[in-house]
Structure formats: structure tokens, C-alpha cells
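A short worksheet on the structure shown next.
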Amino acid sequence: MNGFLNILKPPGMTSAAVVAQVRRLTGEKRVGHAGTLDPEAAGVLPVMIGKAARLFDYLVDKEKEYVAECAFGVATDTQDATGKVIATGESYPSYEAVQAASRQLIGDIWQRPSMYSAIKQDGVAMYERARRGESVEVPLRQVHVESIDLHGEMPDHGVLMTIRCGRGTYIRSICNDLGELLGCPAHMRFLLRSQSGVFRLDTAMTLEEATALKETGELASHLLALDMPLQHLPRVDARPGLRKQVENGVKLPLKRVDGDELAEGQTTRVYLDNEFWGMAAREGDMLVWRALIAPEG
């Protein structure tokens with residue numbers, strides 16, 4: 001089995017546990033996820049199966065969308081609802097004040113994530129060091145936030161919002177920063193990832209649905225094609241006379257492929273007889289394979 005599954009991860013389950021369950025369902029050892037989702041969060045988790053794992057570096061993961069609830073009145077050491085309370089306050093901001101403050105967090109911004117984050121330092125995750133009682137200084141990091149749209153107030157001083165952002169953005173840090181900007185401690189009470197690249201919530205399946213498809217022998221037919229998440233990249237088609245070179249992973253003369261023009265070093269999808277064969281990059285007048293993936297059959 002080779003392809004992608006768009007899994008709707010439930011809250012309370014780790015991304016690694018989802019991978020383990022998909023591995024059991026498919027019987028395929030090569031299974032991984034593209035973009036960790038915190039255990040308490042729910043939402044889209046792209047899962048790579050078989051040869052799809054070779055394509056991880058080419059997936060679009062810059063476009064992410066989250067639905068989150070920011071709760072004012074309490075700040076925690078994890079910046080979400082699972083953490084230890086470190087500050088409280090009752091200077092609850094108005095809805096209009098939250099809207100105004102959110103605009104300050106759009107664009108290229110600097111974040112300091114919680115010490116209980118998965119960011120690694122010297123090869124060790126920050127949260128592991130924090131749980132051991134070590135003194136953890138989380139460095140500032142620059143991230144990109146495309147938009148923050150508010151959808152209304154929630155009970156117990158909460159505000160529901162949709163955030164579109166780039167890779168590496170911590171939504172719980174945005175909630176914490178809103179609290180600091182508004183002078184009222186805040187944390188993230190709820191998180192749902194509704195988009196990760198081309199994988200969207202409306203096309204995701206639950207693990208229960210995947211299990212049911214496995215039982216009826218239909219799971220393989222629901223795998224997303226290997227090249228489905230790669231449509232943002234250029235495409236070239238090797239001419240029929242290059243079949244032997246393609247099959248053997250030999251460099252291809254640029255003048256004998258048709259398709260998009262490529263800059264030096266640019267990566268492209270490669271097809272032969274309209275079948276996807278993998279990824280290659282331009283080096284001078286040649287195409288050099290980066291990931292050779294022979295079609296099924």
C-alpha cells in the first residue's frame with residue numbers, strides 16, 4: 001500500500017499512536033505522519049504510507065489553519081488547558097479589544113513557545129527537559145501568521161478564532177501573547193487543525209472509518225495518490241525513448257523532457273506515459289533523481 005491517508009485525529013491521542021494504528025490496519029511498516037499534532041488537539045493529520053514517506057520533504061506544510069479558543073483569566077506553564085496555573089486575573093478584555101490586539105499578531109512575528117513544547121535543543125525535546133526539572137530557556141523564533149479571524153465569545157471568558165499560519169507556529173503561544181497584550185492572563189482552551197497543506201477537514205476520515213474500510217477490503221482504494229499533495233510543484237514528462245533511463249534512475253537530458261521550465265536546482269515531478277515516477281532536480285542540462293518512485297504494477 002502506497003499513498004496518503006487524511007486522518008481526523010481525535011483529542012487525547014498522540015500522533016505516534018495514530019501512526020501505530022494505521023500501521024496495524026495496512027500491514028505496512030513504512031508509515032509516518034506529516035506534522036505533529038499535540039495530543040490534546042484534534043484535526044487533520046496527514047499519514048504517509050509506503051513509498052509516500054519518501055515524499056515528505058516535498059509536501060506543502062506552510063499552509064495551516066486552526067480553530068482555537070482563547071480563554072482569558074488564567075495563564076499556564078504549557079500555555080494550554082493541560083498545564084499548571086501560573087497566573088490569574090480578572091481584567092477581562094472586551095471582544096473589540098481582542099480583535100484589535102489580534103491584529104498585532106499578524107505577519108512575521110516573534111514567538112517564545114512554552115517550555116513544554118516539542119522544540120528540540122541539543123537533540124532533546126524541551127518538554128522532556130522541563131519534566132525532568134531542568135531550567136529551560138526557550139529561544140524566540142520567527143513565524144508567519146497570515147490571518148486571525150474572530151467568530152464570537154464563548155462561556156467563561158473565551159473567544160473562538162480561526163488562525164491561518166505557516167509552519168512552526170504555536171497557536172497556544174498566540175493565545176498567551178494575546179493575554180500579555182491585553183493585560184489579562186490567557187491560555188488555549190481548545191484546538192482543532194482544519195487544514196495542513198492540501199489536506200483539509202472536510203476530506204478527513206476517522207480511525208473508525210479507516211477500520212471499517214479495512215474490514216470490507218476497501219481501505220487501499222481510499223488512499224490518496226502519491227502525487228496528489230505535490231501539485232504545487234512543476235511537472236515534466238519524459239519522452240517514451242527514456243523509459244530505460246527512468247526505470248534505472250539514470251540522469252535525464254533536459255532537452256528530452258517536456259513541460260514546465262526549470263531554474264537551476266529546481267525540483268520537479270517526473271512522469272512517463274502519464275504515470276508518476278518521482279522527484280528530480282535540474283543540474284545544468286540534466287535532471288537528477290531525488291526520489292525515484294516506480295508506479296504500481
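Labeling convention for the C-alpha cells: chains A, B, ... as they appear, residues from 1 per chain, ligands from 1 in order of appearance.
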Contact residues around Ala81 in chain A with only C-alpha atoms at 9 Å, ignoring same-chain residues under 6 positions, as a PyMOL selection string: chain A and resi 40+75+187-190
The selected residues should be written to file as a PDB file, in the first residue's frame (atoms: N, CA and C atoms).
```pdb
ATOM      1  N   GLU A  40      -3.675  16.722  22.961  1.00  0.00           N
ATOM      2  CA  GLU A  40      -4.988  17.230  23.350  1.00  0.00           C
ATOM      3  C   GLU A  40      -5.750  17.864  22.189  1.00  0.00           C
ATOM      4  N   ALA A  75      -3.340  31.910  33.011  1.00  0.00           N
ATOM      5  CA  ALA A  75      -2.196  31.512  32.191  1.00  0.00           C
ATOM      6  C   ALA A  75      -1.604  30.250  32.796  1.00  0.00           C
ATOM      7  N   HIS A 187      -4.861  31.466  28.058  1.00  0.00           N
ATOM      8  CA  HIS A 187      -4.319  30.202  27.573  1.00  0.00           C
ATOM      9  C   HIS A 187      -5.234  29.651  26.479  1.00  0.00           C
ATOM     10  N   MET A 188      -4.771  28.638  25.783  1.00  0.00           N
ATOM     11  CA  MET A 188      -5.564  27.983  24.748  1.00  0.00           C
ATOM     12  C   MET A 188      -6.409  26.880  25.379  1.00  0.00           C
ATOM     13  N   ARG A 189      -7.728  26.988  25.237  1.00  0.00           N
ATOM     14  CA  ARG A 189      -8.625  26.007  25.847  1.00  0.00           C
ATOM     15  C   ARG A 189      -8.977  24.873  24.886  1.00  0.00           C
ATOM     16  N   PHE A 190      -8.933  25.141  23.592  1.00  0.00           N
ATOM     17  CA  PHE A 190      -9.378  24.158  22.599  1.00  0.00           C
ATOM     18  C   PHE A 190      -8.606  24.387  21.315  1.00  0.00           C
TER      19      PHE A 190
END
```
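Residues of range 75-125 of chain A that DSSP places in strand (DSSP E), based on the backbone of this structure, are Ala75, Thr76, Val85, Ile86, Ala87, Thr88, Gly107, Asp108, Ile109, Trp110, Gln111, Lys120, Gln121, Val124 and Ala125 of chain A.
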Could you write out that same residue set with N, CA and C atoms as a short mmCIF file (atom, residue, chain, number, x, y, z; two decimals), in the first residue's frame?
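Listed below is the output, part12.cif:
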```cif
data_model
loop_
_atom_site.label_atom_id
_atom_site.label_comp_id
_atom_site.auth_asym_id
_atom_site.auth_seq_id
_atom_site.Cartn_x
_atom_site.Cartn_y
_atom_site.Cartn_z
N ALA A 75 -3.34 31.91 33.01
CA ALA A 75 -2.20 31.51 32.19
C ALA A 75 -1.60 30.25 32.80
N THR A 76 -1.08 29.36 31.94
CA THR A 76 -0.50 28.11 32.42
C THR A 76 0.93 27.95 31.89
N VAL A 85 -1.39 26.21 36.55
CA VAL A 85 -1.72 27.64 36.57
C VAL A 85 -0.55 28.43 37.13
N ILE A 86 -0.12 29.45 36.37
CA ILE A 86 0.99 30.28 36.83
C ILE A 86 0.58 31.74 37.03
N ALA A 87 -0.63 32.10 36.56
CA ALA A 87 -1.10 33.47 36.76
C ALA A 87 -2.61 33.51 36.57
N THR A 88 -3.27 34.38 37.32
CA THR A 88 -4.70 34.60 37.16
C THR A 88 -4.98 36.09 37.14
N GLY A 107 1.28 38.60 10.46
CA GLY A 107 2.50 38.87 9.70
C GLY A 107 3.66 38.04 10.24
N ASP A 108 4.87 38.51 10.02
CA ASP A 108 6.06 37.84 10.57
C ASP A 108 6.24 38.31 12.01
N ILE A 109 6.06 37.41 12.95
CA ILE A 109 6.12 37.78 14.36
C ILE A 109 7.13 36.90 15.09
N TRP A 110 7.52 37.33 16.29
CA TRP A 110 8.41 36.54 17.13
C TRP A 110 7.61 35.89 18.23
N GLN A 111 7.85 34.60 18.43
CA GLN A 111 7.17 33.84 19.48
C GLN A 111 8.19 33.24 20.43
N LYS A 120 13.25 20.98 19.84
CA LYS A 120 14.42 20.26 20.35
C LYS A 120 15.61 21.20 20.55
N GLN A 121 16.35 20.93 21.61
CA GLN A 121 17.59 21.66 21.90
C GLN A 121 18.64 20.61 22.26
N VAL A 124 17.22 17.08 22.28
CA VAL A 124 16.25 16.67 23.29
C VAL A 124 15.06 17.64 23.27
N ALA A 125 13.84 17.10 23.28
CA ALA A 125 12.65 17.94 23.27
C ALA A 125 12.58 18.77 24.54
#
```
Exercise: Ala118 in chain A partners within 12 Å, only C-alpha atoms, chain neighbours under 2 positions left out, as a ChimeraX atom specification: /A:35-39,78,113-116,120-121,123-130,138,168-170
File dump, residues just selected, N, CA and C atoms, as a PDB file, in the first residue's frame:
```pdb
ATOM      1  N   GLY A  35       3.717  16.238  10.171  1.00  0.00           N
ATOM      2  CA  GLY A  35       3.336  17.370  11.010  1.00  0.00           C
ATOM      3  C   GLY A  35       2.646  16.926  12.284  1.00  0.00           C
ATOM      4  N   THR A  36       3.367  16.944  13.395  1.00  0.00           N
ATOM      5  CA  THR A  36       2.817  16.511  14.682  1.00  0.00           C
ATOM      6  C   THR A  36       1.669  17.404  15.128  1.00  0.00           C
ATOM      7  N   LEU A  37       0.659  16.762  15.700  1.00  0.00           N
ATOM      8  CA  LEU A  37      -0.462  17.472  16.309  1.00  0.00           C
ATOM      9  C   LEU A  37      -0.458  17.118  17.792  1.00  0.00           C
ATOM     10  N   ASP A  38      -0.528  18.124  18.666  1.00  0.00           N
ATOM     11  CA  ASP A  38      -0.468  17.881  20.104  1.00  0.00           C
ATOM     12  C   ASP A  38      -1.536  16.877  20.535  1.00  0.00           C
ATOM     13  N   PRO A  39      -1.251  16.047  21.549  1.00  0.00           N
ATOM     14  CA  PRO A  39      -2.204  15.013  21.983  1.00  0.00           C
ATOM     15  C   PRO A  39      -3.601  15.558  22.290  1.00  0.00           C
ATOM     16  N   THR A  78       2.103  25.465  30.301  1.00  0.00           N
ATOM     17  CA  THR A  78       2.104  24.832  28.973  1.00  0.00           C
ATOM     18  C   THR A  78       1.403  25.697  27.930  1.00  0.00           C
ATOM     19  N   PRO A 113       7.660  29.997  22.515  1.00  0.00           N
ATOM     20  CA  PRO A 113       6.759  28.907  22.897  1.00  0.00           C
ATOM     21  C   PRO A 113       6.960  28.479  24.340  1.00  0.00           C
ATOM     22  N   SER A 114       6.009  27.723  24.840  1.00  0.00           N
ATOM     23  CA  SER A 114       6.091  27.179  26.188  1.00  0.00           C
ATOM     24  C   SER A 114       7.300  26.255  26.319  1.00  0.00           C
ATOM     25  N   MET A 115       7.829  26.170  27.536  1.00  0.00           N
ATOM     26  CA  MET A 115       8.927  25.229  27.770  1.00  0.00           C
ATOM     27  C   MET A 115       8.445  23.787  27.610  1.00  0.00           C
ATOM     28  N   TYR A 116       7.130  23.591  27.618  1.00  0.00           N
ATOM     29  CA  TYR A 116       6.572  22.259  27.379  1.00  0.00           C
ATOM     30  C   TYR A 116       6.191  22.109  25.905  1.00  0.00           C
ATOM     31  N   LYS A 120      13.250  20.981  19.838  1.00  0.00           N
ATOM     32  CA  LYS A 120      14.418  20.264  20.353  1.00  0.00           C
ATOM     33  C   LYS A 120      15.607  21.198  20.551  1.00  0.00           C
ATOM     34  N   GLN A 121      16.353  20.933  21.607  1.00  0.00           N
ATOM     35  CA  GLN A 121      17.587  21.656  21.900  1.00  0.00           C
ATOM     36  C   GLN A 121      18.641  20.611  22.260  1.00  0.00           C
ATOM     37  N   GLY A 123      19.183  18.053  20.595  1.00  0.00           N
ATOM     38  CA  GLY A 123      18.601  16.752  20.297  1.00  0.00           C
ATOM     39  C   GLY A 123      17.548  16.264  21.273  1.00  0.00           C
ATOM     40  N   VAL A 124      17.223  17.079  22.276  1.00  0.00           N
ATOM     41  CA  VAL A 124      16.247  16.671  23.289  1.00  0.00           C
ATOM     42  C   VAL A 124      15.062  17.637  23.266  1.00  0.00           C
ATOM     43  N   ALA A 125      13.843  17.098  23.276  1.00  0.00           N
ATOM     44  CA  ALA A 125      12.645  17.937  23.269  1.00  0.00           C
ATOM     45  C   ALA A 125      12.575  18.769  24.544  1.00  0.00           C
ATOM     46  N   MET A 126      12.144  20.010  24.379  1.00  0.00           N
ATOM     47  CA  MET A 126      12.050  20.919  25.518  1.00  0.00           C
ATOM     48  C   MET A 126      11.187  20.345  26.644  1.00  0.00           C
ATOM     49  N   TYR A 127      10.054  19.723  26.273  1.00  0.00           N
ATOM     50  CA  TYR A 127       9.157  19.234  27.313  1.00  0.00           C
ATOM     51  C   TYR A 127       9.797  18.119  28.144  1.00  0.00           C
ATOM     52  N   GLU A 128      10.690  17.333  27.525  1.00  0.00           N
ATOM     53  CA  GLU A 128      11.372  16.287  28.278  1.00  0.00           C
ATOM     54  C   GLU A 128      12.296  16.905  29.331  1.00  0.00           C
ATOM     55  N   ARG A 129      13.001  17.948  28.941  1.00  0.00           N
ATOM     56  CA  ARG A 129      13.907  18.610  29.883  1.00  0.00           C
ATOM     57  C   ARG A 129      13.120  19.301  30.988  1.00  0.00           C
ATOM     58  N   ALA A 130      11.995  19.925  30.610  1.00  0.00           N
ATOM     59  CA  ALA A 130      11.180  20.622  31.605  1.00  0.00           C
ATOM     60  C   ALA A 130      10.616  19.647  32.629  1.00  0.00           C
ATOM     61  N   VAL A 138      13.544  28.818  26.458  1.00  0.00           N
ATOM     62  CA  VAL A 138      13.087  28.605  25.087  1.00  0.00           C
ATOM     63  C   VAL A 138      13.435  29.839  24.259  1.00  0.00           C
ATOM     64  N   GLY A 168       5.535  25.764  12.044  1.00  0.00           N
ATOM     65  CA  GLY A 168       6.224  26.070  13.291  1.00  0.00           C
ATOM     66  C   GLY A 168       5.515  27.044  14.204  1.00  0.00           C
ATOM     67  N   THR A 169       4.331  27.507  13.815  1.00  0.00           N
ATOM     68  CA  THR A 169       3.592  28.456  14.645  1.00  0.00           C
ATOM     69  C   THR A 169       2.884  27.726  15.782  1.00  0.00           C
ATOM     70  N   TYR A 170       3.039  28.229  16.989  1.00  0.00           N
ATOM     71  CA  TYR A 170       2.355  27.657  18.147  1.00  0.00           C
ATOM     72  C   TYR A 170       1.101  28.476  18.435  1.00  0.00           C
TER      73      TYR A 170
END
```
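Using only C-alpha atoms for every distance, the candidate list A:Ile49, A:Leu55, A:Ala42, A:Cys70 yields A:Leu55 as the residue closest to Ala280 in chain A.
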Residue nearest Asp57 in chain A - candidates A:Ala34, A:Gly217, A:Ala71, A:Gly43, atoms counted: only C-alpha atoms: A:Ala34
Long-range neighbours of Thr26 in chain A as a count of residues only, 12 Å cut-off, only C-alpha atoms, 4 positions minimum in chain: 27
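Nearest residue to Leu59 in chain A among A:Asp227, A:Lys255, A:Asp273, A:Gly73 is A:Asp227, counting only C-alpha atoms.
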